>>> print(open('data30.cif').read())   # mmCIF, C-alpha atoms
data_input
loop_
_atom_site.label_atom_id
_atom_site.label_comp_id
_atom_site.auth_asym_id
_atom_site.auth_seq_id
_atom_site.Cartn_x
_atom_site.Cartn_y
_atom_site.Cartn_z
CA MET A 1 5.54 20.03 25.15
CA VAL A 2 6.99 16.60 25.92
CA ALA A 3 7.60 13.88 23.34
CA ILE A 4 8.95 10.36 23.73
CA ALA A 5 10.55 7.91 21.30
CA VAL A 6 9.00 4.46 21.81
CA GLU A 7 11.59 1.87 20.77
CA PRO A 8 11.39 -1.36 22.84
CA ARG A 9 11.17 -4.79 21.19
CA ASN A 10 7.98 -5.17 19.20
CA HIS A 11 6.22 -7.37 21.76
CA LEU A 12 6.67 -4.63 24.40
CA SER A 13 6.30 -1.42 22.42
CA LEU A 14 2.52 -1.02 22.30
CA ALA A 15 2.19 -1.09 26.09
CA VAL A 16 4.90 1.57 26.38
CA ALA A 17 3.16 3.71 23.74
CA GLU A 18 -0.18 3.40 25.52
CA ALA A 19 1.43 4.47 28.80
CA ALA A 20 3.04 7.48 27.11
CA ILE A 21 -0.26 8.65 25.61
CA ALA A 22 -2.01 8.12 28.95
CA ALA A 23 0.67 10.34 30.52
CA GLY A 24 0.01 13.09 27.97
CA LYS A 25 3.14 12.65 25.83
CA HIS A 26 3.49 12.95 22.05
CA ILE A 27 5.18 9.83 20.64
CA TRP A 28 7.40 8.79 17.78
CA PHE A 29 6.58 5.06 17.61
CA ASP A 30 9.05 2.64 16.06
CA LYS A 31 7.41 0.11 13.75
CA PRO A 32 5.31 -2.01 13.87
CA ALA A 33 2.67 -1.05 16.42
CA GLY A 34 2.29 -4.34 18.29
CA ASP A 35 -0.05 -7.27 17.64
CA ASN A 36 -3.31 -5.98 19.11
CA PHE A 37 -5.06 -3.74 16.61
CA GLU A 38 -7.95 -2.86 18.92
CA SER A 39 -5.51 -1.55 21.54
CA PHE A 40 -3.57 0.41 18.94
CA ALA A 41 -6.73 1.94 17.48
CA ARG A 42 -7.97 2.87 20.95
CA MET A 43 -4.61 4.51 21.69
CA LEU A 44 -4.86 6.57 18.48
CA ASP A 45 -8.36 7.70 19.42
CA GLN A 46 -7.11 8.77 22.85
CA ALA A 47 -4.23 10.67 21.27
CA VAL A 48 -6.60 12.55 18.96
CA GLU A 49 -8.93 13.39 21.85
CA ARG A 50 -6.00 14.79 23.84
CA GLY A 51 -4.36 16.63 20.95
CA LEU A 52 -1.30 14.38 20.97
CA GLN A 53 0.76 13.42 17.93
CA VAL A 54 1.55 9.79 17.08
CA GLN A 55 4.06 9.37 14.27
CA MET A 56 5.03 5.87 13.18
CA GLY A 57 8.66 5.17 12.31
CA TYR A 58 8.43 4.32 8.62
CA MET A 59 11.57 6.04 7.45
CA PHE A 60 11.11 5.53 3.70
CA ARG A 61 8.45 8.26 3.88
CA TYR A 62 11.46 10.54 4.06
CA SER A 63 13.33 8.99 1.16
CA PRO A 64 13.46 11.53 -1.70
CA ALA A 65 13.17 8.65 -4.17
CA PHE A 66 9.98 7.24 -2.64
CA ALA A 67 8.58 10.75 -2.24
CA THR A 68 9.18 11.43 -5.93
CA VAL A 69 7.48 8.21 -7.06
CA ALA A 70 4.54 8.86 -4.73
CA GLU A 71 4.15 12.40 -6.07
CA TRP A 72 4.06 11.12 -9.66
CA ALA A 73 1.55 8.43 -8.77
CA ARG A 74 -0.76 10.55 -6.60
CA SER A 75 -0.71 13.49 -9.05
CA GLY A 76 -2.04 11.31 -11.87
CA MET A 77 1.10 11.54 -13.99
CA LEU A 78 1.22 7.74 -14.23
CA GLY A 79 -2.50 7.49 -14.97
CA GLU A 80 -4.77 5.06 -13.16
CA LEU A 81 -2.62 2.77 -11.06
CA PHE A 82 -3.18 -0.92 -11.71
CA ALA A 83 -0.16 -2.61 -10.08
CA VAL A 84 2.45 -2.09 -7.37
CA ARG A 85 5.24 -4.56 -6.62
CA ALA A 86 7.66 -4.41 -3.71
CA HIS A 87 10.61 -6.59 -2.74
CA MET A 88 12.25 -5.86 0.62
CA SER A 89 14.19 -8.89 1.76
CA THR A 90 16.98 -8.85 4.30
CA HIS A 91 19.45 -11.10 6.06
CA VAL A 92 19.03 -11.55 9.82
CA ASP A 93 20.74 -14.02 12.13
CA LEU A 94 19.12 -16.69 14.28
CA THR A 95 19.04 -14.44 17.34
CA GLU A 96 16.99 -11.84 15.50
CA ARG A 97 14.78 -14.47 13.88
CA THR A 98 14.10 -15.85 17.37
CA GLN A 99 12.89 -12.42 18.48
CA GLN A 100 10.73 -12.05 15.38
CA SER A 101 9.23 -15.52 15.90
CA ARG A 102 7.19 -14.08 18.78
CA HIS A 103 4.93 -12.60 16.11
CA ARG A 104 2.73 -14.29 13.53
CA GLY A 105 4.19 -13.51 10.12
CA GLY A 106 7.82 -13.44 11.24
CA ILE A 107 9.87 -11.36 8.82
CA LEU A 108 6.71 -10.04 7.11
CA TYR A 109 5.48 -8.69 10.44
CA ASP A 110 8.83 -7.10 11.22
CA LEU A 111 9.51 -5.35 7.89
CA GLY A 112 6.25 -5.42 5.95
CA GLY A 113 4.91 -2.16 7.35
CA HIS A 114 7.56 -0.17 5.49
CA MET A 115 6.21 -1.24 2.10
CA ILE A 116 2.58 -1.40 3.20
CA ASP A 117 3.00 2.24 4.25
CA GLN A 118 3.86 3.06 0.64
CA ILE A 119 1.27 0.76 -0.94
CA VAL A 120 -1.76 2.04 0.96
CA TRP A 121 -0.59 5.65 0.55
CA LEU A 122 -0.98 5.09 -3.19
CA LEU A 123 -3.97 2.74 -3.30
CA GLY A 124 -5.96 2.99 -0.05
CA ARG A 125 -7.49 0.08 1.86
CA PRO A 126 -7.19 -3.36 0.25
CA THR A 127 -10.45 -5.18 -0.34
CA HIS A 128 -8.78 -8.58 0.00
CA ILE A 129 -5.38 -9.89 1.13
CA THR A 130 -3.81 -13.28 0.43
CA THR A 131 -0.60 -14.24 2.19
CA VAL A 132 1.88 -17.13 1.92
CA LEU A 133 4.02 -17.63 5.05
CA ARG A 134 6.79 -20.21 4.65
CA ASN A 135 9.70 -21.54 6.69
CA VAL A 136 12.39 -22.74 4.30
CA ALA A 137 15.69 -21.83 5.96
CA THR A 138 15.15 -21.72 9.72
CA PRO A 139 14.61 -25.31 10.99
CA GLU A 140 15.51 -24.22 14.52
CA LEU A 141 12.29 -22.16 14.63
CA PRO A 142 9.64 -24.23 12.84
CA THR A 143 6.84 -21.69 13.44
CA TYR A 144 8.89 -18.75 12.16
CA SER A 145 8.05 -17.32 8.71
CA ASP A 146 11.29 -16.57 6.86
CA ASN A 147 9.98 -16.50 3.26
CA THR A 148 6.78 -14.54 2.74
CA LEU A 149 4.55 -13.22 0.01
CA ALA A 150 1.46 -11.01 0.37
CA SER A 151 -0.92 -9.96 -2.38
CA PHE A 152 -3.33 -7.06 -1.95
CA GLU A 153 -6.45 -6.55 -4.04
CA PHE A 154 -7.96 -3.10 -4.63
CA PRO A 155 -10.97 -2.10 -6.73
CA SER A 156 -8.78 -1.26 -9.75
CA ALA A 157 -5.33 -2.53 -8.81
CA LEU A 158 -3.20 -5.36 -7.44
CA ALA A 159 -0.12 -5.10 -5.23
CA SER A 160 2.39 -7.71 -4.16
CA LEU A 161 5.02 -7.72 -1.44
CA GLU A 162 7.89 -10.18 -1.03
CA ILE A 163 10.04 -10.33 2.10
CA ALA A 164 12.51 -13.05 3.10
CA ALA A 165 14.97 -13.24 6.00
CA MET A 166 17.93 -14.91 4.26
CA GLU A 167 18.79 -12.91 1.13
CA PRO A 168 22.57 -12.39 0.91
CA PRO A 169 23.64 -8.74 1.08
CA PRO A 170 23.64 -6.40 -0.67
CA THR A 171 19.94 -7.06 -0.96
CA ALA A 172 18.10 -6.30 -4.22
CA ARG A 173 15.34 -4.10 -2.82
CA ARG A 174 12.93 -2.89 -5.49
CA PHE A 175 9.69 -0.87 -5.69
CA GLU A 176 7.59 -0.69 -8.84
CA VAL A 177 4.48 1.34 -9.67
CA PHE A 178 2.50 0.81 -12.88
CA GLY A 179 -0.26 3.00 -14.28
CA THR A 180 -2.15 3.42 -17.54
CA LEU A 181 0.02 6.39 -18.54
CA GLY A 182 3.39 5.27 -17.26
CA SER A 183 5.47 3.38 -14.75
CA ALA A 184 8.19 4.10 -12.19
CA ILE A 185 10.69 1.50 -11.00
CA LEU A 186 12.97 2.26 -8.10
CA GLU A 187 15.91 -0.17 -7.99
CA PRO A 188 17.52 -0.56 -5.61
CA PHE A 189 15.83 1.61 -3.05
CA ASP A 190 18.13 1.02 -0.09
CA PRO A 191 20.34 2.78 -0.99
CA SER A 192 18.43 4.46 -3.80
CA ARG A 193 20.33 4.68 -7.09
CA THR A 194 18.00 5.08 -10.05
CA ILE A 195 14.37 5.48 -11.05
CA ARG A 196 13.31 4.10 -14.42
CA LEU A 197 10.43 6.31 -15.53
CA THR A 198 8.41 5.32 -18.58
CA LEU A 199 5.68 7.60 -19.94
CA LYS A 200 3.12 7.14 -22.68
CA ALA A 201 3.32 10.87 -23.44
CA ALA A 202 5.60 13.70 -22.32
CA SER A 203 4.77 15.20 -18.94
CA GLY A 204 6.45 18.31 -17.59
CA GLU A 205 10.21 17.95 -17.84
CA TYR A 206 9.99 14.24 -18.74
CA PRO A 207 9.73 13.05 -22.36
CA ALA A 208 7.66 10.18 -23.68
CA GLY A 209 9.36 6.80 -23.46
CA GLU A 210 12.05 5.72 -21.02
CA THR A 211 14.06 8.04 -18.78
CA ILE A 212 16.68 6.76 -16.33
CA ILE A 213 16.99 9.19 -13.44
CA GLU A 214 20.23 9.01 -11.46
CA LEU A 215 19.61 9.75 -7.79
CA ALA A 216 21.82 11.58 -5.34
CA GLN A 217 23.10 9.25 -2.64
CA VAL A 218 21.12 9.69 0.57
CA SER A 219 21.98 7.67 3.66
CA ARG A 220 19.52 5.83 5.87
CA GLN A 221 20.63 8.19 8.66
CA GLU A 222 19.27 11.14 6.67
CA PHE A 223 15.86 9.43 6.48
CA TYR A 224 15.86 9.09 10.29
CA GLU A 225 16.86 12.72 10.67
CA GLY A 226 14.07 13.71 8.29
CA GLU A 227 11.56 11.82 10.42
CA LEU A 228 12.66 13.59 13.57
CA ALA A 229 12.73 17.03 11.94
CA ALA A 230 9.19 16.57 10.59
CA PHE A 231 7.95 15.32 13.97
CA VAL A 232 9.38 18.39 15.71
CA ARG A 233 7.86 20.75 13.13
CA VAL A 234 4.44 19.18 13.70
CA LEU A 235 4.76 19.60 17.46
CA ARG A 236 5.75 23.25 16.99
CA GLY A 237 2.75 23.84 14.74
CA GLU A 238 4.95 24.58 11.74
CA GLN A 239 3.42 21.90 9.49
CA ALA A 240 0.65 19.34 9.34
CA PRO A 241 1.59 15.68 9.86
CA ASP A 242 3.02 14.06 6.73
CA ARG A 243 0.56 11.20 7.24
CA PRO A 244 -2.86 11.62 8.91
CA VAL A 245 -3.83 9.43 11.84
CA THR A 246 -6.25 7.52 9.58
CA HIS A 247 -3.26 6.45 7.48
CA GLU A 248 -1.29 5.26 10.52
CA ARG A 249 -4.34 3.21 11.51
CA LEU A 250 -4.68 1.76 8.01
CA VAL A 251 -1.03 0.69 7.77
CA GLN A 252 -1.23 -1.28 11.02
CA GLU A 253 -4.60 -2.76 10.12
CA THR A 254 -3.28 -3.91 6.74
CA LEU A 255 -0.11 -5.39 8.24
CA LEU A 256 -2.07 -7.41 10.79
CA ARG A 257 -4.54 -8.53 8.14
CA ALA A 258 -1.61 -9.70 6.01
CA THR A 259 -0.07 -11.68 8.87
CA GLY A 260 -3.38 -13.30 9.80
CA ARG A 261 -3.76 -11.53 13.14
CA LEU A 262 -6.87 -9.58 12.20
CA ASP A 263 -10.36 -10.33 10.94
CA VAL A 264 -11.08 -8.03 8.01
CA SER A 265 -14.83 -7.75 8.57
CA ALA A 266 -14.39 -6.42 12.10
CA THR A 267 -11.59 -4.02 11.18
CA VAL A 268 -13.42 -2.49 8.24
CA ARG A 269 -16.41 -1.80 10.48
CA ASN A 270 -14.16 -0.28 13.16
CA ALA A 271 -12.26 1.85 10.67
CA THR A 272 -15.45 3.10 9.05
CA ALA A 273 -16.77 4.19 12.42
CA ALA A 274 -13.50 5.88 13.33
CA ASP A 275 -13.30 7.76 10.03
CA SER A 276 -16.88 9.06 10.13
#
>>> encode(input="data30.cif", output="structure tokens")
Amino acid sequence: MVAIAVEPRNHLSLAVAEAAIAAGKHIWFDKPAGDNFESFARMLDQAVERGLQVQMGYMFRYSPAFATVAEWARSGMLGELFAVRAHMSTHVDLTERTQQSRHRGGILYDLGGHMIDQIVWLLGRPTHITTVLRNVATPELPTYSDNTLASFEFPSALASLEIAAMEPPPTARRFEVFGTLGSAILEPFDPSRTIRLTLKAASGEYPAGETIIELAQVSRQEFYEGELAAFVRVLRGEQAPDRPVTHERLVQETLLRATGRLDVSATVRNATAADS
């Protein structure tokens, strides 16, 4: 059993990942998975055929706060979900913005997968995506997107994602989930401090109305360690993957749709064929 961490710059990483799968290696693949969806999807198919594991590096999967909110939402405790909102801005210097400018979508391409990973885990494949890509603070890189907004439409829900490259630290990162029976607001989420849970009626240990849940402090390093531990358990046959390969495919598809790199009609056909 041999596994490799694939962590080059984003414009190089997909080729390295493809080479690793071709060589028969399991991979932990740092986000996002390149710009070419067809190549990424083909690599996933090859991994499945060869019994190889591909785990994408979206570390908030291993945040206890995000896991709790997802459990509430997916269990039905919040009712039918009708809205999700995410804000994940950052502050990066011109050198990093220059690297990110290789990719359509700029800061949205670089960070958006983290929140898209959460959004599609709760709501599935968007039926329509509308994106605003702006450059308001980086005149040195006129084609770079430093202020971005993406909206995702689902059959019964809407989701929005805001990411900018110039928010002063500490950044006000926030994740909100709204359903017909309740809502959960995680603010901030990096580091996680509280969840505001509101319920129409009591559920389990939680009463009707508002409950503010104080969270134990968990470092980003612990999320990374959780990723690695889960990856190793999968390779040892001790657990199933925390996200199926169809989900990894959907996250990358949705990210590239949001940044304008992907034609939705072609990708939906490809995904349908792959899932059948």
>>> resolve_selection(input="data30.cif", expression="the PyMOL selection byres ((chain A and resi 26) around 9)", output="PyMOL selection string")
chain A and resi 1-5+20-21+24-25+27-28+47+51-55+235
>>> residues_around(input="data30.cif", residues="Thr254 (chain A)", least_positions_apart="4", cutoff="8 Å", atoms="only C-alpha atoms", output="VMD selection string")
chain A and resid 116 125 to 126 250 258
>>> closest_residue(input="data30.cif", among="A:Arg220, A:Arg173, A:Arg104, A:Lys200", to="Arg257 (chain A)", atoms="all atoms listed in the file")
A:Arg104
>>> closest_residue(input="data30.cif", among="A:Gly113, A:Pro170, A:Pro64, A:Gly106", to="Leu141 (chain A)", atoms="all atoms listed in the file")
A:Gly106
>>> residues_near_point(input="data30.cif", point="(-4.7, -13.5, 10.4)", cutoff="12 Å", atoms="only C-alpha atoms", output="list in words")
Asp35, Asn36, Phe37, His103, Arg104, Gly105, Tyr109, Ile129, Thr130, Thr131, Val132, Leu133, Glu253, Thr254, Leu255, Leu256, Arg257, Ala258, Thr259, Gly260, Arg261, Leu262, Asp263, Val264, Ser265 and Thr267 of chain A
>>> atom_distance(input="data30.cif", atom1="CA of Phe231 (chain A)", atom2="CA of Phe29 (chain A)")
11.0 Å
>>> resolve_selection(input="data30.cif", expression="the PyMOL selection byres ((chain A and resi 8-18) around 7)", output="list in words")
Val6, Glu7, Ala19, Ala20, Ile21, Ala22, Pro32, Ala33, Gly34 and Met43 of chain A
>>> resolve_selection(input="data30.cif", expression="the PyMOL selection byres ((chain A and resi 127) around 6)", output="PyMOL selection string")
chain A and resi 126+128+153-154
>>> build_atoms(input="data30.cif", residues="region 1-21 of chain A", atoms="N, CA and C atoms", output="CSV table (one decimal), keeping the file's coordinate frame")
chain,number,residue,atom,x,y,z
A,1,MET,N,5.6,21.0,26.2
A,1,MET,CA,5.5,20.0,25.2
A,1,MET,C,6.6,18.9,25.4
A,2,VAL,N,6.1,17.7,25.6
A,2,VAL,CA,7.0,16.6,25.9
A,2,VAL,C,6.7,15.5,24.9
A,3,ALA,N,7.7,15.0,24.3
A,3,ALA,CA,7.6,13.9,23.3
A,3,ALA,C,8.6,12.8,23.7
A,4,ILE,N,8.2,11.5,23.4
A,4,ILE,CA,9.0,10.4,23.7
A,4,ILE,C,9.1,9.5,22.5
A,5,ALA,N,10.3,8.9,22.3
A,5,ALA,CA,10.6,7.9,21.3
A,5,ALA,C,10.3,6.5,21.9
A,6,VAL,N,9.4,5.8,21.3
A,6,VAL,CA,9.0,4.5,21.8
A,6,VAL,C,9.7,3.4,21.0
A,7,GLU,N,10.7,2.8,21.5
A,7,GLU,CA,11.6,1.9,20.8
A,7,GLU,C,11.9,0.5,21.4
A,8,PRO,N,11.1,0.0,22.3
A,8,PRO,CA,11.4,-1.4,22.8
A,8,PRO,C,11.2,-2.4,21.8
A,9,ARG,N,11.5,-3.7,22.1
A,9,ARG,CA,11.2,-4.8,21.2
A,9,ARG,C,9.7,-4.7,20.9
A,10,ASN,N,9.3,-5.3,19.7
A,10,ASN,CA,8.0,-5.2,19.2
A,10,ASN,C,6.9,-5.8,20.1
A,11,HIS,N,7.2,-6.8,20.9
A,11,HIS,CA,6.2,-7.4,21.8
A,11,HIS,C,6.0,-6.5,23.0
A,12,LEU,N,6.8,-5.5,23.2
A,12,LEU,CA,6.7,-4.6,24.4
A,12,LEU,C,6.2,-3.2,24.0
A,13,SER,N,6.4,-2.8,22.8
A,13,SER,CA,6.3,-1.4,22.4
A,13,SER,C,4.9,-0.8,22.6
A,14,LEU,N,3.9,-1.6,22.3
A,14,LEU,CA,2.5,-1.0,22.3
A,14,LEU,C,2.1,-0.6,23.7
A,15,ALA,N,2.5,-1.4,24.7
A,15,ALA,CA,2.2,-1.1,26.1
A,15,ALA,C,2.9,0.2,26.5
A,16,VAL,N,4.2,0.4,26.1
A,16,VAL,CA,4.9,1.6,26.4
A,16,VAL,C,4.2,2.8,25.7
A,17,ALA,N,3.8,2.6,24.4
A,17,ALA,CA,3.2,3.7,23.7
A,17,ALA,C,1.9,4.1,24.4
A,18,GLU,N,1.1,3.1,24.8
A,18,GLU,CA,-0.2,3.4,25.5
A,18,GLU,C,0.1,4.2,26.8
A,19,ALA,N,1.1,3.8,27.6
A,19,ALA,CA,1.4,4.5,28.8
A,19,ALA,C,1.9,5.9,28.5
A,20,ALA,N,2.6,6.1,27.5
A,20,ALA,CA,3.0,7.5,27.1
A,20,ALA,C,1.9,8.4,26.8
A,21,ILE,N,0.9,7.9,26.0
A,21,ILE,CA,-0.3,8.6,25.6
A,21,ILE,C,-1.1,8.9,26.9
